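Asker: So here's model06.tsv, just TSV, C-alpha atoms:
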```
chain	number	residue	atom	x	y	z
V	1337	MET	CA	-23.82	-7.30	5.33
V	1338	GLU	CA	-21.24	-9.93	4.54
V	1339	GLU	CA	-21.72	-9.45	0.77
V	1340	LYS	CA	-21.32	-5.70	1.17
V	1341	TYR	CA	-18.14	-6.30	3.13
V	1342	PHE	CA	-16.68	-8.35	0.32
V	1343	GLU	CA	-17.76	-5.77	-2.29
V	1344	GLU	CA	-16.08	-2.99	-0.38
V	1345	ASN	CA	-12.93	-5.07	0.06
V	1346	GLU	CA	-12.56	-6.20	-3.52
V	1347	ARG	CA	-9.34	-8.03	-4.12
V	1348	GLU	CA	-6.31	-5.74	-4.76
V	1349	PHE	CA	-2.92	-7.40	-4.85
V	1350	GLU	CA	0.11	-5.43	-3.84
V	1351	ILE	CA	2.76	-7.32	-5.73
V	1352	ASP	CA	6.22	-6.80	-4.31
V	1353	LEU	CA	9.43	-7.35	-6.23
V	1354	VAL	CA	9.88	-10.93	-5.05
V	1355	GLU	CA	6.37	-11.90	-6.12
V	1356	LEU	CA	6.87	-10.18	-9.45
V	1357	LEU	CA	10.08	-12.07	-10.16
V	1358	ALA	CA	8.48	-15.32	-9.09
V	1359	ILE	CA	5.55	-14.80	-11.45
V	1360	LEU	CA	7.83	-13.92	-14.37
V	1361	TYR	CA	10.05	-16.92	-13.60
V	1362	LYS	CA	7.02	-19.20	-13.57
V	1363	HIS	CA	6.12	-18.01	-17.08
V	1364	ALA	CA	9.71	-17.76	-18.32
V	1365	LEU	CA	9.18	-20.31	-21.09
V	1366	LEU	CA	6.21	-18.39	-22.50
V	1367	ILE	CA	8.13	-15.11	-22.37
V	1368	ILE	CA	11.18	-16.63	-24.08
V	1369	LEU	CA	9.09	-18.25	-26.81
V	1370	MET	CA	7.10	-15.07	-27.51
V	1371	THR	CA	10.28	-12.98	-27.64
V	1372	ALA	CA	11.91	-15.49	-30.00
V	1373	LEU	CA	8.77	-15.52	-32.15
V	1374	GLY	CA	8.81	-11.73	-32.36
V	1375	LEU	CA	12.47	-11.74	-33.37
V	1376	THR	CA	11.91	-14.42	-36.01
V	1377	VAL	CA	8.80	-12.87	-37.55
V	1378	ALA	CA	10.34	-9.39	-37.70
V	1379	PHE	CA	13.57	-10.69	-39.23
V	1380	ALA	CA	11.78	-12.85	-41.81
V	1381	TYR	CA	9.36	-10.09	-42.79
V	1382	THR	CA	12.13	-7.53	-43.15
V	1383	ARG	CA	14.44	-9.91	-44.99
V	1384	PHE	CA	12.00	-11.48	-47.44
V	1385	PHE	CA	8.98	-9.18	-47.80
V	1386	ILE	CA	10.32	-5.61	-47.66
V	1387	GLN	CA	12.10	-4.44	-50.79
V	1388	PRO	CA	15.57	-2.96	-50.24
V	1389	THR	CA	16.03	0.71	-51.05
V	1390	TYR	CA	18.97	2.56	-52.61
V	1391	ARG	CA	20.05	6.19	-52.47
V	1392	SER	CA	21.83	8.30	-55.05
V	1393	GLU	CA	22.75	11.92	-54.50
V	1394	SER	CA	24.06	14.94	-56.32
V	1395	THR	CA	25.49	18.21	-55.04
V	1396	VAL	CA	24.91	21.64	-56.54
V	1397	TYR	CA	26.90	24.79	-55.80
V	1398	ILE	CA	25.52	28.33	-55.82
V	1399	GLN	CA	28.36	30.07	-57.58
V	1400	PRO	CA	29.10	33.68	-56.61
V	1401	GLU	CA	30.05	36.22	-59.23
V	1402	VAL	CA	33.76	36.80	-59.71
V	1403	LYS	CA	34.89	40.21	-60.95
V	1404	GLU	CA	38.50	40.81	-61.94
V	1405	GLY	CA	39.61	37.75	-60.02
V	1406	ASN	CA	37.88	38.79	-56.78
V	1407	LEU	CA	34.79	37.37	-55.12
V	1408	ASN	CA	31.89	39.73	-54.58
V	1409	LEU	CA	31.08	39.53	-50.85
V	1410	ASN	CA	27.59	40.88	-51.46
V	1411	ASP	CA	26.95	37.99	-53.83
V	1412	LEU	CA	28.15	35.56	-51.18
V	1413	ASN	CA	25.62	36.92	-48.70
V	1414	VAL	CA	22.84	36.90	-51.27
V	1415	ASN	CA	23.66	33.34	-52.31
V	1416	GLN	CA	23.60	32.22	-48.69
V	1417	ARG	CA	20.06	33.56	-48.38
V	1418	LEU	CA	19.10	31.92	-51.67
V	1419	VAL	CA	19.90	28.44	-50.34
V	1420	GLY	CA	16.55	28.20	-48.52
V	1421	THR	CA	14.66	29.46	-51.56
V	1422	TYR	CA	16.39	27.00	-53.86
V	1423	THR	CA	15.76	23.99	-51.62
V	1424	GLN	CA	12.03	24.76	-51.65
V	1425	LEU	CA	11.97	25.39	-55.39
V	1426	ALA	CA	13.69	22.06	-56.12
V	1427	LYS	CA	10.71	20.13	-54.70
V	1428	SER	CA	8.01	22.45	-55.98
V	1429	ASN	CA	5.31	21.37	-58.43
V	1430	ALA	CA	6.88	23.67	-61.01
V	1431	VAL	CA	9.94	21.41	-61.05
V	1432	LEU	CA	8.42	18.00	-60.32
V	1433	ASN	CA	5.66	18.33	-62.92
V	1434	GLN	CA	8.39	18.65	-65.54
V	1435	VAL	CA	10.19	15.61	-64.14
V	1436	VAL	CA	7.17	13.26	-64.27
V	1437	PRO	CA	7.09	12.73	-68.09
V	1438	TYR	CA	10.59	11.23	-67.95
V	1439	PHE	CA	9.43	8.49	-65.58
V	1440	THR	CA	6.04	7.39	-66.90
V	1441	ARG	CA	7.42	3.90	-67.58
V	1442	ASP	CA	8.50	3.72	-63.94
V	1443	ASN	CA	4.95	4.59	-62.79
V	1444	LEU	CA	6.11	7.65	-60.85
V	1445	ASP	CA	3.77	10.57	-60.30
V	1446	VAL	CA	4.37	13.91	-58.60
V	1447	ASP	CA	3.58	12.60	-55.11
V	1448	SER	CA	5.79	9.52	-55.38
V	1449	ILE	CA	8.68	11.61	-56.74
V	1450	ARG	CA	8.26	14.15	-53.95
V	1451	SER	CA	8.36	11.31	-51.39
V	1452	ALA	CA	11.47	9.81	-52.96
V	1453	VAL	CA	13.44	13.04	-53.37
V	1454	SER	CA	15.16	14.99	-50.59
V	1455	VAL	CA	16.72	18.43	-50.94
V	1456	SER	CA	18.79	20.04	-48.21
V	1457	ALA	CA	21.58	22.53	-47.63
V	1458	ILE	CA	24.91	21.23	-46.39
V	1459	GLY	CA	25.55	23.10	-43.16
V	1460	ASP	CA	26.11	26.83	-43.59
V	1461	THR	CA	27.60	26.38	-47.05
V	1462	GLN	CA	26.21	27.35	-50.43
V	1463	ILE	CA	26.06	23.70	-51.45
V	1464	ILE	CA	22.73	21.94	-51.92
V	1465	ARG	CA	22.38	18.17	-51.73
V	1466	VAL	CA	19.71	16.49	-53.86
V	1467	SER	CA	19.07	12.78	-53.31
V	1468	ALA	CA	16.52	10.15	-54.24
V	1469	VAL	CA	15.67	6.85	-52.57
V	1470	THR	CA	13.88	4.11	-54.52
V	1471	THR	CA	13.88	0.33	-54.76
V	1472	ASP	CA	16.03	0.48	-57.93
V	1473	PRO	CA	19.58	1.89	-57.70
V	1474	GLU	CA	19.60	2.86	-61.37
V	1475	LEU	CA	16.26	4.64	-61.01
V	1476	SER	CA	17.51	6.54	-57.97
V	1477	ALA	CA	20.44	7.90	-59.98
V	1478	ARG	CA	18.32	8.84	-63.00
V	1479	LEU	CA	15.70	10.52	-60.84
V	1480	THR	CA	18.27	12.54	-58.91
V	1481	ASN	CA	20.02	13.79	-62.03
V	1482	ARG	CA	16.76	14.66	-63.75
V	1483	VAL	CA	15.50	16.64	-60.77
V	1484	VAL	CA	18.79	18.56	-60.62
V	1485	SER	CA	18.69	19.27	-64.36
V	1486	VAL	CA	15.11	20.53	-64.35
V	1487	PHE	CA	15.72	22.46	-61.13
V	1488	ILE	CA	18.64	24.39	-62.64
V	1489	GLU	CA	16.62	25.15	-65.79
V	1490	GLU	CA	13.71	26.37	-63.67
V	1491	VAL	CA	15.95	28.72	-61.69
V	1492	VAL	CA	17.29	30.23	-64.91
V	1493	GLU	CA	13.82	30.60	-66.40
V	1494	THR	CA	11.90	31.77	-63.33
V	1495	MET	CA	14.48	33.79	-61.44
V	1496	THR	CA	16.67	34.75	-64.42
V	1497	ILE	CA	19.71	33.69	-62.40
V	1498	ASP	CA	22.35	31.38	-63.82
V	1499	ASN	CA	24.47	30.65	-60.77
V	1500	LEU	CA	23.95	26.93	-60.13
V	1501	ARG	CA	26.71	24.47	-60.95
V	1502	VAL	CA	26.71	20.70	-60.49
V	1503	ILE	CA	29.59	19.56	-58.32
V	1504	ASP	CA	28.88	15.82	-58.31
V	1505	ALA	CA	26.32	14.15	-60.53
V	1506	ALA	CA	24.43	11.20	-59.11
V	1507	THR	CA	25.84	7.75	-59.83
V	1508	VAL	CA	24.36	4.29	-59.39
V	1509	ASN	CA	24.87	3.19	-55.79
V	1510	THR	CA	24.13	-0.48	-55.11
V	1511	LYS	CA	24.64	-0.20	-51.35
V	1512	LYS	CA	21.31	-0.69	-49.58
V	1513	VAL	CA	20.11	2.06	-47.26
V	1514	GLY	CA	17.02	0.23	-46.04
V	1515	PRO	CA	15.30	-1.50	-44.48
V	1516	ASN	CA	17.25	-1.68	-41.21
V	1517	THR	CA	17.07	-5.42	-40.51
V	1518	THR	CA	18.80	-5.18	-37.14
V	1519	LEU	CA	16.51	-2.44	-35.86
V	1520	ASN	CA	13.33	-4.11	-37.12
V	1521	THR	CA	14.37	-7.44	-35.59
V	1522	ALA	CA	15.06	-5.78	-32.24
V	1523	ILE	CA	11.67	-4.04	-32.33
V	1524	GLY	CA	9.98	-7.36	-33.11
V	1525	GLY	CA	11.69	-9.04	-30.16
V	1526	LEU	CA	10.73	-6.15	-27.87
V	1527	LEU	CA	7.10	-6.35	-28.97
V	1528	GLY	CA	7.09	-10.09	-28.33
V	1529	LEU	CA	8.54	-9.52	-24.87
V	1530	MET	CA	6.02	-6.79	-24.05
V	1531	LEU	CA	3.07	-8.85	-25.28
V	1532	SER	CA	4.10	-11.91	-23.29
V	1533	VAL	CA	4.69	-9.96	-20.07
V	1534	GLY	CA	1.41	-8.10	-20.62
V	1535	PHE	CA	-0.41	-11.41	-21.05
V	1536	VAL	CA	1.09	-12.73	-17.81
V	1537	PHE	CA	-0.07	-9.68	-15.85
V	1538	LEU	CA	-3.51	-9.72	-17.46
V	1539	LYS	CA	-3.89	-13.36	-16.51
V	1540	LEU	CA	-2.85	-12.48	-12.96
V	1541	MET	CA	-5.33	-9.61	-12.69
V	1542	LEU	CA	-8.20	-11.79	-13.93
V	1543	ASP	CA	-7.35	-14.64	-11.57
V	1544	ARG	CA	-9.80	-14.40	-8.64
V	1545	THR	CA	-8.50	-17.52	-6.90
V	1546	ILE	CA	-7.09	-17.37	-3.37
V	1547	HIS	CA	-3.83	-19.29	-3.53
V	1548	ASN	CA	-2.38	-18.83	-0.05
V	1549	ARG	CA	-2.82	-17.19	3.35
V	1550	HIS	CA	-1.40	-13.91	2.07
V	1551	ASP	CA	-4.12	-13.68	-0.58
V	1552	ALA	CA	-6.76	-14.42	2.04
V	1553	GLU	CA	-5.49	-11.70	4.35
V	1554	LYS	CA	-5.50	-9.17	1.53
V	1555	VAL	CA	-9.06	-10.04	0.48
V	1556	LEU	CA	-10.57	-10.26	3.96
V	1557	ASN	CA	-8.41	-7.60	5.57
V	1558	LEU	CA	-8.22	-9.96	8.55
V	1559	PRO	CA	-5.38	-12.01	10.00
V	1560	VAL	CA	-5.32	-15.75	9.32
V	1561	LEU	CA	-5.24	-17.62	12.62
V	1562	GLY	CA	-4.47	-21.04	11.24
V	1563	GLU	CA	-4.10	-23.18	8.13
V	1564	ILE	CA	-5.39	-26.64	7.29
V	1565	ASN	CA	-3.24	-28.48	4.81
V	1566	PHE	CA	-4.95	-30.39	2.03
V	1567	TYR	CA	-3.63	-33.71	0.83
V	1568	GLU	CA	-4.94	-35.61	-2.14
V	1569	GLU	CA	-5.50	-39.31	-1.54
```
Please express what this file holds, its structure, as structure tokens.

Answerer:
Amino acid sequence: MEEKYFEENEREFEIDLVELLAILYKHALLIILMTALGLTVAFAYTRFFIQPTYRSESTVYIQPEVKEGNLNLNDLNVNQRLVGTYTQLAKSNAVLNQVVPYFTRDNLDVDSIRSAVSVSAIGDTQIIRVSAVTTDPELSARLTNRVVSVFIEEVVETMTIDNLRVIDAATVNTKKVGPNTTLNTAIGGLLGLMLSVGFVFLKLMLDRTIHNRHDAEKVLNLPVLGEINFYEE
């Protein structure tokens, strides 16, 4: 009967805010060390083991037809609708397969080029931005310009339309765009903090020891009538 009573009244702590703060304060050193370790590891890994990346970009304009010094409004509307088609075509296999032979020495295949290259429209304009991100600033510029060149040729050949003009060709940009050291370091510190706090709570949940009268009352569901202090000799 007594064993059944204890089974039915298995220990369940209701930790209030004061107890929670006390527990965290007791393990403050562990939490601080784990957070610092997370910050250090994330910073070191990002700084010394992840290669920096560089972006180069080019812009292309869909030029409307001009007749007798006037813009054709119908062409403007058509060109606006062509923006979506062109952005998809620029990253199609038809274009990228022609780009690959120029970068065999750089060990780039269709998939790696597709991952490195981004093509997007600039707002509601008829301007398309083509960019490439790699670990080599010179390679990023070459790749961007080659994709743009092949893309324009493919439009002329496939769609028999010659209305694309390069506004800005890609140039070598030595400013790093990744990795984000600050963000990665912050994430590492947060993970260290979460792991340390999680460990503290796991240790608490697995601790079946009765530490004080409050624990005894919660386990037994009975009031404690008196306490006997223990002194070590």

Asker: When you look at Val1446 in chain V with a cut-off of 8 Å (counting all atoms listed in the file), what residues show up, excluding the ones that are within fewer than 5 positions of it in the same chain? I need them as a list in words.

Answerer: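 What passes the distance filter is Asn1429, Leu1432, Asn1433 and Val1436 of chain V.
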
Asker: For the residues selected in the previous step, produce a file with C-alpha atoms as a PDB file, keeping the file's coordinate frame.

Answerer:
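Saved file part_3.pdb follows:
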```
ATOM      1  CA  ASN V1429       5.310  21.370 -58.430  1.00  0.00           C
ATOM      2  CA  LEU V1432       8.420  18.000 -60.320  1.00  0.00           C
ATOM      3  CA  ASN V1433       5.660  18.330 -62.920  1.00  0.00           C
ATOM      4  CA  VAL V1436       7.170  13.260 -64.270  1.00  0.00           C
TER       5      VAL V1436
END
```

Asker: Excluding Ile1464 in chain V and residues on its chain fewer than 4 positions from it, collect all residues at most 7 Å away from it, counting only C-alpha atoms, and give them as an MDAnalysis selection string.

Answerer: chainID V and resid 1395:1397 1456:1458

Asker: So that I have them on file, write out the residues from the current selection with C-alpha atoms, as a compact mmCIF listing (two decimals), in the frame of the given file.

Answerer:
```
# COMPACT_ATOMS: atom_id res chain seq x y z
CA THR V 1395 25.49 18.21 -55.04
CA VAL V 1396 24.91 21.64 -56.54
CA TYR V 1397 26.90 24.79 -55.80
CA SER V 1456 18.79 20.04 -48.21
CA ALA V 1457 21.58 22.53 -47.63
CA ILE V 1458 24.91 21.23 -46.39
```

Asker: Which residues are near range 1512-1518 of chain V? Cut-off 8 Å, all atoms listed in the file, ignore same chain within fewer than 6 positions. Put them as a ChimeraX atom specification.

Answerer: /V:1379,1382-1383,1386-1391

Asker: Given the choices V:Ile1463, V:Ala1378, V:Leu1369, V:Val1453, which gets closest to Arg1482 in chain V if the distance is worked out from all atoms listed in the file?

Answerer: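 Counting all atoms listed in the file, the residue closest to Arg1482 in chain V is V:Val1453.
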
Asker: Could you jot down the CA of Glu1490 in chain V to CA of Val1419 in chain V separation for me, Å, one decimal place?

Answerer: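 CA of Val1419 in chain V lies 14.8 Å from CA of Glu1490 in chain V.
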
Asker: Counting all atoms listed in the file, write as a ChimeraX atom specification all protein and nucleic acid residues lying at most 12 Å from (2.4, -13.3, -18.7) in the file's frame.

Answerer: /V:1356-1371,1528-1542

Asker: Go ahead and dump the residues you just picked, C-alpha atoms, as a PDB file, in the frame of the given file.

Answerer:
```pdb
ATOM      1  CA  LEU V1356       6.870 -10.180  -9.450  1.00  0.00           C
ATOM      2  CA  LEU V1357      10.080 -12.070 -10.160  1.00  0.00           C
ATOM      3  CA  ALA V1358       8.480 -15.320  -9.090  1.00  0.00           C
ATOM      4  CA  ILE V1359       5.550 -14.800 -11.450  1.00  0.00           C
ATOM      5  CA  LEU V1360       7.830 -13.920 -14.370  1.00  0.00           C
ATOM      6  CA  TYR V1361      10.050 -16.920 -13.600  1.00  0.00           C
ATOM      7  CA  LYS V1362       7.020 -19.200 -13.570  1.00  0.00           C
ATOM      8  CA  HIS V1363       6.120 -18.010 -17.080  1.00  0.00           C
ATOM      9  CA  ALA V1364       9.710 -17.760 -18.320  1.00  0.00           C
ATOM     10  CA  LEU V1365       9.180 -20.310 -21.090  1.00  0.00           C
ATOM     11  CA  LEU V1366       6.210 -18.390 -22.500  1.00  0.00           C
ATOM     12  CA  ILE V1367       8.130 -15.110 -22.370  1.00  0.00           C
ATOM     13  CA  ILE V1368      11.180 -16.630 -24.080  1.00  0.00           C
ATOM     14  CA  LEU V1369       9.090 -18.250 -26.810  1.00  0.00           C
ATOM     15  CA  MET V1370       7.100 -15.070 -27.510  1.00  0.00           C
ATOM     16  CA  THR V1371      10.280 -12.980 -27.640  1.00  0.00           C
ATOM     17  CA  GLY V1528       7.090 -10.090 -28.330  1.00  0.00           C
ATOM     18  CA  LEU V1529       8.540  -9.520 -24.870  1.00  0.00           C
ATOM     19  CA  MET V1530       6.020  -6.790 -24.050  1.00  0.00           C
ATOM     20  CA  LEU V1531       3.070  -8.850 -25.280  1.00  0.00           C
ATOM     21  CA  SER V1532       4.100 -11.910 -23.290  1.00  0.00           C
ATOM     22  CA  VAL V1533       4.690  -9.960 -20.070  1.00  0.00           C
ATOM     23  CA  GLY V1534       1.410  -8.100 -20.620  1.00  0.00           C
ATOM     24  CA  PHE V1535      -0.410 -11.410 -21.050  1.00  0.00           C
ATOM     25  CA  VAL V1536       1.090 -12.730 -17.810  1.00  0.00           C
ATOM     26  CA  PHE V1537      -0.070  -9.680 -15.850  1.00  0.00           C
ATOM     27  CA  LEU V1538      -3.510  -9.720 -17.460  1.00  0.00           C
ATOM     28  CA  LYS V1539      -3.890 -13.360 -16.510  1.00  0.00           C
ATOM     29  CA  LEU V1540      -2.850 -12.480 -12.960  1.00  0.00           C
ATOM     30  CA  MET V1541      -5.330  -9.610 -12.690  1.00  0.00           C
ATOM     31  CA  LEU V1542      -8.200 -11.790 -13.930  1.00  0.00           C
TER      32      LEU V1542
END
```

Asker: Work out how far CA of Leu1425 in chain V is from CA of Phe1487 in chain V, in Å to one decimal.

Answerer: 7.5 Å

Asker: Give me the box for range 1379-1394 of chain V as AutoDock Vina command-line options, namely the centre and edge lengths in Å to one decimal of a box along x, y and z that holds every listed atom plus 8 Å on each side.

Answerer:
```
--center_x 16.5 --center_y 1.0 --center_z -47.8 --size_x 31.1 --size_y 43.8 --size_z 33.1
```

Asker: May I ask which of the residues V:Asn1499, V:Ser1394, V:Thr1421, V:Thr1521 is the closest one to Arg1465 in chain V, counting all atoms listed in the file?

Answerer: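 Under the stated criterion, the closest residue is V:Ser1394.
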
Asker: For a test of reading the model, state the distance in Å between CA of Met1495 in chain V and CA of Ser1448 in chain V, rounded to one decimal.

Answerer: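 Separating CA of Met1495 in chain V from CA of Ser1448 in chain V is a distance of 26.5 Å.
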
Asker: What lies within 12 Å of Gly1420 in chain V using only C-alpha atoms, ignoring chain neighbours under 2 positions off, as an mmCIF file with C-alpha atoms, in the frame of the given file?

Answerer:
```
data_model
loop_
_atom_site.group_PDB
_atom_site.id
_atom_site.type_symbol
_atom_site.label_atom_id
_atom_site.label_comp_id
_atom_site.auth_asym_id
_atom_site.auth_seq_id
_atom_site.Cartn_x
_atom_site.Cartn_y
_atom_site.Cartn_z
ATOM 1 C CA ILE V 1398 25.520 28.330 -55.820
ATOM 2 C CA VAL V 1414 22.840 36.900 -51.270
ATOM 3 C CA ASN V 1415 23.660 33.340 -52.310
ATOM 4 C CA GLN V 1416 23.600 32.220 -48.690
ATOM 5 C CA ARG V 1417 20.060 33.560 -48.380
ATOM 6 C CA LEU V 1418 19.100 31.920 -51.670
ATOM 7 C CA TYR V 1422 16.390 27.000 -53.860
ATOM 8 C CA THR V 1423 15.760 23.990 -51.620
ATOM 9 C CA GLN V 1424 12.030 24.760 -51.650
ATOM 10 C CA LEU V 1425 11.970 25.390 -55.390
ATOM 11 C CA ALA V 1426 13.690 22.060 -56.120
ATOM 12 C CA LYS V 1427 10.710 20.130 -54.700
ATOM 13 C CA VAL V 1455 16.720 18.430 -50.940
ATOM 14 C CA SER V 1456 18.790 20.040 -48.210
ATOM 15 C CA ALA V 1457 21.580 22.530 -47.630
ATOM 16 C CA ILE V 1458 24.910 21.230 -46.390
ATOM 17 C CA GLY V 1459 25.550 23.100 -43.160
ATOM 18 C CA ASP V 1460 26.110 26.830 -43.590
ATOM 19 C CA THR V 1461 27.600 26.380 -47.050
ATOM 20 C CA GLN V 1462 26.210 27.350 -50.430
ATOM 21 C CA ILE V 1463 26.060 23.700 -51.450
ATOM 22 C CA ILE V 1464 22.730 21.940 -51.920
#
```

Asker: Select, counting only C-alpha atoms, all protein, DNA and RNA residues no farther than 10 Å from (20.0, 9.8, -60.8) in file coordinates, and express the selection as a list of chain:residue names.

Answerer: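 Here the neighbourhood of the point contains V:Arg1391, V:Ser1392, V:Glu1393, V:Ser1394, V:Val1466, V:Ser1467, V:Ala1468, V:Val1469, V:Pro1473, V:Glu1474, V:Leu1475, V:Ser1476, V:Ala1477, V:Arg1478, V:Leu1479, V:Thr1480, V:Asn1481, V:Arg1482, V:Val1483, V:Val1484, V:Ala1505, V:Ala1506, V:Thr1507, V:Val1508, V:Asn1509.
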